[in-house]
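Asks: Contents of start.csv (CSV, C-alpha atoms) are given next:
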chain,number,residue,atom,x,y,z
Z,1,MET,CA,35.3,-24.6,32.2
Z,2,LYS,CA,36.5,-26.8,29.3
Z,3,MET,CA,34.5,-24.6,26.9
Z,4,LEU,CA,36.3,-21.5,28.3
Z,5,LYS,CA,39.7,-23.1,27.8
Z,6,VAL,CA,38.8,-24.0,24.2
Z,7,LEU,CA,37.6,-20.5,23.6
Z,8,GLY,CA,40.7,-19.1,25.3
Z,9,LEU,CA,42.9,-21.2,23.1
Z,10,ALA,CA,41.0,-20.1,20.0
Z,11,SER,CA,41.5,-16.4,21.0
Z,12,VAL,CA,45.2,-16.9,21.5
Z,13,LEU,CA,45.4,-18.5,18.1
Z,14,PHE,CA,43.5,-15.6,16.6
Z,15,MET,CA,46.0,-13.1,18.1
Z,16,ILE,CA,49.0,-15.1,17.0
Z,17,THR,CA,47.8,-15.5,13.4
Z,18,ALA,CA,46.7,-11.8,13.2
Z,19,CYS,CA,50.4,-10.9,12.7
Z,20,GLY,CA,51.5,-10.9,9.0
Z,21,GLU,CA,54.1,-9.2,6.9
Z,22,ASN,CA,52.9,-5.7,5.9
Z,23,THR,CA,54.3,-3.3,3.4
Z,24,ASP,CA,54.3,0.5,3.4
Z,25,ALA,CA,53.6,3.2,0.9
Z,26,VAL,CA,56.0,6.1,1.0
Z,27,GLU,CA,56.2,9.3,-1.1
Z,28,SER,CA,58.3,9.5,-4.3
Z,29,GLY,CA,62.0,10.0,-3.5
Z,30,THR,CA,65.3,8.3,-2.7
Z,31,TYR,CA,65.6,5.9,0.2
Z,32,THR,CA,68.3,3.7,1.6
Z,33,GLY,CA,67.8,0.4,3.3
Z,34,LYS,CA,68.6,-3.2,3.5
Z,35,VAL,CA,67.3,-5.9,1.1
Z,36,LYS,CA,65.0,-8.0,3.3
Z,37,LYS,CA,63.8,-10.5,0.6
Z,38,VAL,CA,64.4,-11.2,-3.1
Z,39,GLU,CA,61.8,-12.9,-5.2
Z,40,ALA,CA,63.8,-13.6,-8.4
Z,41,GLU,CA,60.9,-15.1,-10.4
Z,42,LYS,CA,58.9,-12.0,-9.9
Z,43,THR,CA,61.8,-9.6,-10.2
Z,44,GLU,CA,60.7,-8.2,-6.8
Z,45,ILE,CA,62.5,-7.1,-3.7
Z,46,TYR,CA,61.5,-6.0,-0.2
Z,47,VAL,CA,63.6,-3.2,1.2
Z,48,GLU,CA,63.6,-2.4,4.9
Z,49,THR,CA,64.4,1.3,5.4
Z,50,LYS,CA,66.2,2.8,8.4
Z,51,ASP,CA,62.9,4.1,9.8
Z,52,ASP,CA,61.5,0.5,9.8
Z,53,LYS,CA,59.3,0.8,6.7
Z,54,THR,CA,59.1,-2.2,4.3
Z,55,LEU,CA,59.0,-1.3,0.7
Z,56,GLU,CA,57.7,-3.8,-1.8
Z,57,LEU,CA,59.3,-3.1,-5.2
Z,58,TYR,CA,58.4,-4.7,-8.4
Z,59,PHE,CA,61.1,-4.0,-11.1
Z,60,THR,CA,59.7,-2.5,-14.3
Z,61,ASP,CA,61.3,-2.5,-17.8
Z,62,GLU,CA,62.6,1.0,-16.9
Z,63,THR,CA,64.2,0.1,-13.6
Z,64,GLU,CA,68.0,0.6,-13.6
Z,65,LEU,CA,70.0,-1.6,-11.3
Z,66,THR,CA,73.6,-0.7,-10.7
Z,67,LYS,CA,76.6,-1.7,-8.6
Z,68,GLU,CA,79.7,0.3,-8.4
Z,69,GLY,CA,78.5,2.5,-11.2
Z,70,LYS,CA,77.8,-0.4,-13.6
Z,71,THR,CA,74.5,-1.8,-14.8
Z,72,VAL,CA,74.1,-5.3,-13.4
Z,73,GLU,CA,71.5,-8.1,-13.8
Z,74,PHE,CA,68.7,-8.7,-11.2
Z,75,SER,CA,70.6,-11.8,-10.1
Z,76,ALA,CA,73.2,-9.5,-8.5
Z,77,LEU,CA,70.7,-8.7,-5.7
Z,78,GLU,CA,70.9,-10.6,-2.5
Z,79,LYS,CA,69.2,-10.6,0.9
Z,80,GLY,CA,71.1,-8.4,3.3
Z,81,GLN,CA,72.6,-6.0,0.8
Z,82,ASN,CA,72.4,-2.3,1.4
Z,83,VAL,CA,70.7,-0.4,-1.4
Z,84,GLU,CA,69.7,3.1,-2.4
Z,85,VAL,CA,66.4,3.2,-4.3
Z,86,THR,CA,64.8,6.0,-6.1
Z,87,LEU,CA,61.0,5.6,-6.3
Z,88,GLU,CA,58.1,7.0,-8.1
Z,89,LYS,CA,54.8,6.7,-6.2
Z,90,VAL,CA,51.9,6.0,-8.6
Z,91,GLY,CA,48.7,5.8,-6.5
Z,92,LYS,CA,50.1,3.7,-3.7
Z,93,ARG,CA,52.3,1.6,-6.0
Z,94,LEU,CA,56.1,2.2,-5.7
Z,95,ASP,CA,57.8,2.0,-9.1
Z,96,PRO,CA,61.6,1.7,-8.6
Z,97,ILE,CA,63.4,4.0,-11.1
Z,98,THR,CA,66.9,3.2,-10.0
Z,99,VAL,CA,68.3,0.7,-7.5
Z,100,LYS,CA,71.9,1.1,-6.4
Z,101,ILE,CA,73.6,-1.8,-4.6
Z,102,LEU,CA,75.9,-0.2,-2.0
Z,103,LYS,CA,79.1,-1.6,-0.7
S,1,MET,CA,43.9,-3.8,-34.7
S,2,ASN,CA,44.3,-4.9,-31.1
S,3,GLU,CA,44.1,-8.6,-30.3
S,4,MET,CA,42.4,-10.0,-27.3
S,5,PRO,CA,44.8,-11.8,-24.9
S,6,GLU,CA,44.4,-15.5,-24.6
S,7,PHE,CA,41.7,-16.4,-22.0
S,8,LEU,CA,43.6,-19.0,-20.0
S,9,ARG,CA,46.6,-16.8,-19.2
S,10,THR,CA,48.5,-17.3,-15.9
S,11,GLU,CA,46.6,-14.7,-13.8
S,12,VAL,CA,43.3,-16.3,-14.7
S,13,TRP,CA,44.1,-19.6,-13.0
S,14,HIS,CA,43.6,-17.9,-9.6
S,15,PRO,CA,39.9,-17.0,-10.0
S,16,LEU,CA,39.3,-20.4,-11.6
S,17,THR,CA,40.6,-22.2,-8.5
S,18,VAL,CA,39.8,-19.8,-5.6
S,19,HIS,CA,36.0,-20.1,-5.5
S,20,PHE,CA,35.9,-23.8,-4.8
S,21,PRO,CA,37.7,-23.6,-1.4
S,22,ILE,CA,35.7,-20.5,-0.5
S,23,ALA,CA,32.4,-22.4,-0.9
S,24,LEU,CA,33.7,-25.8,0.5
S,25,LEU,CA,35.3,-24.4,3.6
S,26,LEU,CA,32.3,-22.2,4.5
S,27,VAL,CA,29.9,-25.1,4.1
S,28,ALA,CA,32.3,-27.3,6.0
S,29,THR,CA,32.2,-24.8,8.9
S,30,LEU,CA,28.4,-24.8,8.8
S,31,PHE,CA,28.4,-28.7,8.9
S,32,LYS,CA,30.8,-28.8,11.8
S,33,PHE,CA,28.5,-26.4,13.6
S,34,LEU,CA,25.6,-28.7,13.0
S,35,THR,CA,27.8,-31.6,14.2
S,36,LEU,CA,27.8,-30.0,17.7
S,37,PHE,CA,24.0,-30.4,18.0
S,38,SER,CA,23.3,-33.6,16.1
S,39,LYS,CA,23.9,-37.3,17.0
S,40,SER,CA,23.9,-38.3,13.4
S,41,LYS,CA,27.3,-38.8,11.9
S,42,THR,CA,26.2,-37.3,8.6
S,43,TRP,CA,27.1,-33.7,9.3
S,44,GLU,CA,30.4,-34.7,10.9
S,45,ASN,CA,31.5,-36.9,8.0
S,46,ALA,CA,30.3,-34.5,5.3
S,47,GLY,CA,32.0,-31.6,7.2
S,48,SER,CA,35.3,-33.5,7.4
S,49,LEU,CA,35.2,-34.4,3.7
S,50,LEU,CA,34.5,-30.7,2.7
S,51,LEU,CA,37.2,-29.5,5.1
S,52,TYR,CA,39.9,-31.8,3.6
S,53,ILE,CA,39.0,-31.0,0.0
S,54,GLY,CA,38.6,-27.3,0.8
S,55,THR,CA,42.0,-27.1,2.5
S,56,ILE,CA,43.7,-28.7,-0.4
S,57,GLY,CA,41.9,-26.2,-2.6
S,58,ALA,CA,43.0,-23.3,-0.4
S,59,TRP,CA,46.7,-24.3,-0.9
S,60,LEU,CA,46.1,-24.7,-4.6
S,61,ALA,CA,44.5,-21.2,-4.6
S,62,ILE,CA,47.6,-19.8,-2.8
S,63,PHE,CA,49.8,-21.3,-5.5
S,64,THR,CA,47.8,-19.9,-8.3
S,65,GLY,CA,47.5,-16.6,-6.5
S,66,ASP,CA,51.3,-16.4,-6.1
S,67,LEU,CA,51.6,-16.9,-9.9
S,68,ALA,CA,49.1,-14.1,-10.5
S,69,ASP,CA,50.8,-11.8,-8.0
S,70,GLY,CA,53.9,-11.3,-10.1
S,71,ILE,CA,51.9,-10.3,-13.1
S,72,VAL,CA,49.1,-8.1,-11.7
S,73,ALA,CA,51.0,-6.3,-9.0
S,74,ARG,CA,52.8,-4.0,-11.4
S,75,GLU,CA,49.5,-2.7,-12.7
S,76,LEU,CA,47.7,-2.1,-9.4
S,77,CYS,CA,47.2,1.4,-8.0
S,78,ASP,CA,47.3,0.1,-4.4
S,79,PRO,CA,49.4,-3.1,-4.1
S,80,THR,CA,49.1,-3.0,-0.3
S,81,VAL,CA,45.6,-4.4,-0.8
S,82,LEU,CA,47.1,-7.4,-2.6
S,83,LYS,CA,49.6,-7.9,0.2
S,84,ALA,CA,46.9,-7.9,2.8
S,85,HIS,CA,44.9,-10.3,0.6
S,86,GLU,CA,47.9,-12.6,0.4
S,87,ASN,CA,48.6,-12.4,4.2
S,88,PHE,CA,45.0,-13.3,5.1
S,89,ALA,CA,45.0,-16.1,2.6
S,90,TRP,CA,48.1,-17.7,4.2
S,91,ILE,CA,46.6,-17.4,7.6
S,92,LEU,CA,43.3,-19.0,6.7
S,93,ALA,CA,45.1,-21.8,4.9
S,94,TRP,CA,47.1,-22.6,8.0
S,95,LEU,CA,44.0,-22.4,10.2
S,96,PHE,CA,42.1,-24.8,8.1
S,97,SER,CA,45.1,-27.0,7.8
S,98,LEU,CA,45.3,-27.1,11.6
S,99,SER,CA,41.6,-27.9,11.8
S,100,THR,CA,42.2,-30.7,9.3
S,101,LEU,CA,45.0,-32.1,11.4
S,102,ILE,CA,42.9,-32.0,14.6
S,103,ASP,CA,40.0,-33.6,12.8
S,104,ILE,CA,42.2,-36.4,11.5
S,105,GLY,CA,43.6,-36.8,15.0
S,106,ARG,CA,40.1,-37.2,16.3
S,107,ILE,CA,39.3,-39.9,13.7
S,108,LEU,CA,42.5,-41.8,14.5
S,109,LYS,CA,42.0,-41.3,18.2
S,110,LEU,CA,45.4,-39.6,18.6
S,111,ILE,CA,44.1,-36.7,20.8
S,112,PRO,CA,43.4,-37.6,24.4
S,113,LEU,CA,40.3,-35.4,24.7
S,114,LYS,CA,36.6,-36.1,24.5
S,115,THR,CA,35.2,-36.1,21.0
S,116,LYS,CA,32.8,-33.2,21.9
S,117,ILE,CA,35.7,-31.0,23.0
S,118,ILE,CA,37.7,-31.8,19.9
S,119,ASN,CA,34.7,-31.0,17.8
S,120,ILE,CA,34.3,-27.6,19.6
S,121,LEU,CA,38.0,-26.9,19.1
S,122,THR,CA,37.9,-27.8,15.4
S,123,PHE,CA,34.8,-25.7,14.9
S,124,SER,CA,36.3,-22.7,16.8
S,125,ILE,CA,39.4,-22.7,14.6
S,126,MET,CA,37.2,-23.1,11.5
S,127,VAL,CA,35.1,-20.1,12.5
S,128,ILE,CA,38.2,-18.0,12.9
S,129,GLY,CA,39.4,-19.3,9.5
S,130,SER,CA,36.1,-18.5,8.0
S,131,GLY,CA,36.4,-14.9,9.2
S,132,TYR,CA,39.8,-14.6,7.5
S,133,LEU,CA,38.4,-16.4,4.4
S,134,MET,CA,35.6,-13.9,4.0
S,135,TYR,CA,37.9,-10.9,4.5
S,136,ALA,CA,40.4,-12.3,2.1
S,137,GLY,CA,37.6,-12.8,-0.4
S,138,HIS,CA,36.5,-9.2,0.2
S,139,LEU,CA,40.0,-8.0,-0.5
S,140,GLY,CA,40.2,-10.1,-3.6
S,141,ALA,CA,36.9,-8.6,-4.8
S,142,LYS,CA,38.3,-5.1,-4.1
S,143,LEU,CA,41.4,-5.9,-6.2
S,144,VAL,CA,39.2,-7.0,-9.2
S,145,TYR,CA,36.3,-4.5,-9.0
S,146,GLN,CA,38.2,-1.5,-7.8
S,147,GLN,CA,41.6,-1.9,-9.4
S,148,GLY,CA,40.9,-4.3,-12.3
S,149,ALA,CA,43.5,-6.9,-11.2
S,150,GLY,CA,44.0,-9.4,-14.0
S,151,VAL,CA,41.2,-8.0,-16.0
S,152,TYR,CA,41.5,-7.2,-19.7
S,153,HIS,CA,40.2,-3.8,-20.6
S,154,PRO,CA,38.7,-3.7,-24.1
S,155,THR,CA,39.6,-0.9,-26.4
S,156,GLU,CA,37.2,2.1,-26.5
S,157,ASN,CA,35.7,1.1,-29.9
S,158,CYS,CA,35.8,-2.7,-29.2
S,159,ASP,CA,37.7,-3.3,-32.4
S,160,GLU,CA,39.2,-6.6,-31.2
S,161,PHE,CA,35.7,-8.1,-31.0
S,162,ASN,CA,34.9,-7.6,-34.7
For this file, produce the structure as structure tokens.

Replies:
Amino acid sequence: MKMLKVLGLASVLFMITACGENTDAVESGTYTGKVKKVEAEKTEIYVETKDDKTLELYFTDETELTKEGKTVEFSALEKGQNVEVTLEKVGKRLDPITVKILK
Amino acid sequence: MNEMPEFLRTEVWHPLTVHFPIALLLVATLFKFLTLFSKSKTWENAGSLLLYIGTIGAWLAIFTGDLADGIVARELCDPTVLKAHENFAWILAWLFSLSTLIDIGRILKLIPLKTKIINILTFSIMVIGSGYLMYAGHLGAKLVYQQGAGVYHPTENCDEFN
């Protein structure tokens, strides 16, 4: 009986830990969503789209970040901001071409 | 002429640190299994020692992996494999950390259960952790051998080796 309890606990633990943050690959195009996370040291953001997809975007040297029509630094990005991103899908990698911070 | 990059660059610290915890934690799990059938304390003590060192190594590997992530992810064709590798690594590190805490609790007699039950519980969590460990390792190998993560690709005529 005790053995069953232990195994049961282990199974529950397995199910709990099986949940992790996943990211999605989408087609090239323009998407709007909310910034879910900003990793400044990696110049990387996670954007949650309206259809519940999580896009992991690593900025490249070509990525243009703008706010109210002006180019801004990466540090202008914050969690919770609404953004419009134009992406190019390379394999399953999503290269951000432009990222607009919306009001 | 192209120059070879420095060998000990940031993304190379991850493969240098990740293989120790893989070996240590899998052998620790095997020793904890043997503990269940042996009256000798040898397997139990050796298993505990490997578990503690392996768990510290797992967190170190997560740290070096995070450093490598920001560099290699921009060059991968399928970064979703990297994300899954990262997720599994975090899960296994927490599972082995939990096993470590329970094992320390056993030694310090902080857990009001029979030693046999605690050992079965510790071993069960370690087995699950080992499953995650092997799959995370498999994904890591896929990143390197299918996508060349962190790997320097020599020029076609190998000029930089002359």

Asks: Using all atoms listed in the file, which residue out of S:Gly137, S:Phe123, S:Asp159, S:Leu92 lies closest to Gly47 of chain S?

Replies: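 With all atoms listed in the file as the atom set, the closest residue is S:Phe123.
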
Asks: Taking only C-alpha atoms into account, find every residue of chain S that has an atom no more than 12 Å from chain Z, and write it out as number ranges by chain.

Replies: S: 66-95, 98-99, 113-114, 116-132, 147

Asks: Need to verify the contact set: Pro5 of chain S, 12 Å, all atoms listed in the file, exclusion of same-chain residues closer than 5 positions in sequence. Can you return it as a PyMOL selection string?

Replies: chain S and resi 10-12+150-154+160-161

Asks: Tell me, in Å to one decimal, how far atom CA of Val83 of chain Z is from atom CA of Asp61 of chain Z.

Replies: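 Atom CA of Asp61 of chain Z lies at a distance of 19.0 Å from atom CA of Val83 of chain Z.
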
Asks: Could you tell me how far atom CA of Glu64 of chain Z lies from atom CA of Glu84 of chain Z, in Å and to one decimal?

Replies: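 It comes out at 11.6 Å.
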
Asks: Using all atoms listed in the file, pick whichever of S:Val144, S:Leu110, S:Ala61, S:Leu49 has the shortest atom-to-atom distance to Thr17 of chain S.

Replies: S:Ala61

Asks: Enter the distance from atom CA of Leu34 of chain S to atom CA of Ala136 of chain S, in Å, rounded to one decimal.

Replies: 24.6 Å

Asks: Would you please work out which residue, of Z:Glu62, Z:Glu68, Z:Lys79, Z:Phe74, is nearest to Lys37 of chain Z when using only C-alpha atoms?

Replies: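 Ranking Z:Glu62, Z:Glu68, Z:Lys79, Z:Phe74 by distance to Lys37 of chain Z, first place goes to Z:Lys79.
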
Asks: Would you list the residues near (74.4, 3.1, -11.0) (no more than 10 Å away, in the coordinates of the file, using all atoms listed in the file) as a ChimeraX atom specification?

Replies: /Z:64-72,84,98-102

Asks: Compare S:Leu108, S:Leu26, S:Ala141, S:Leu36 by their minimum atom-to-atom distance to Phe96 of chain S, counting all atoms listed in the file, and give me the closest one.

Replies: S:Leu26
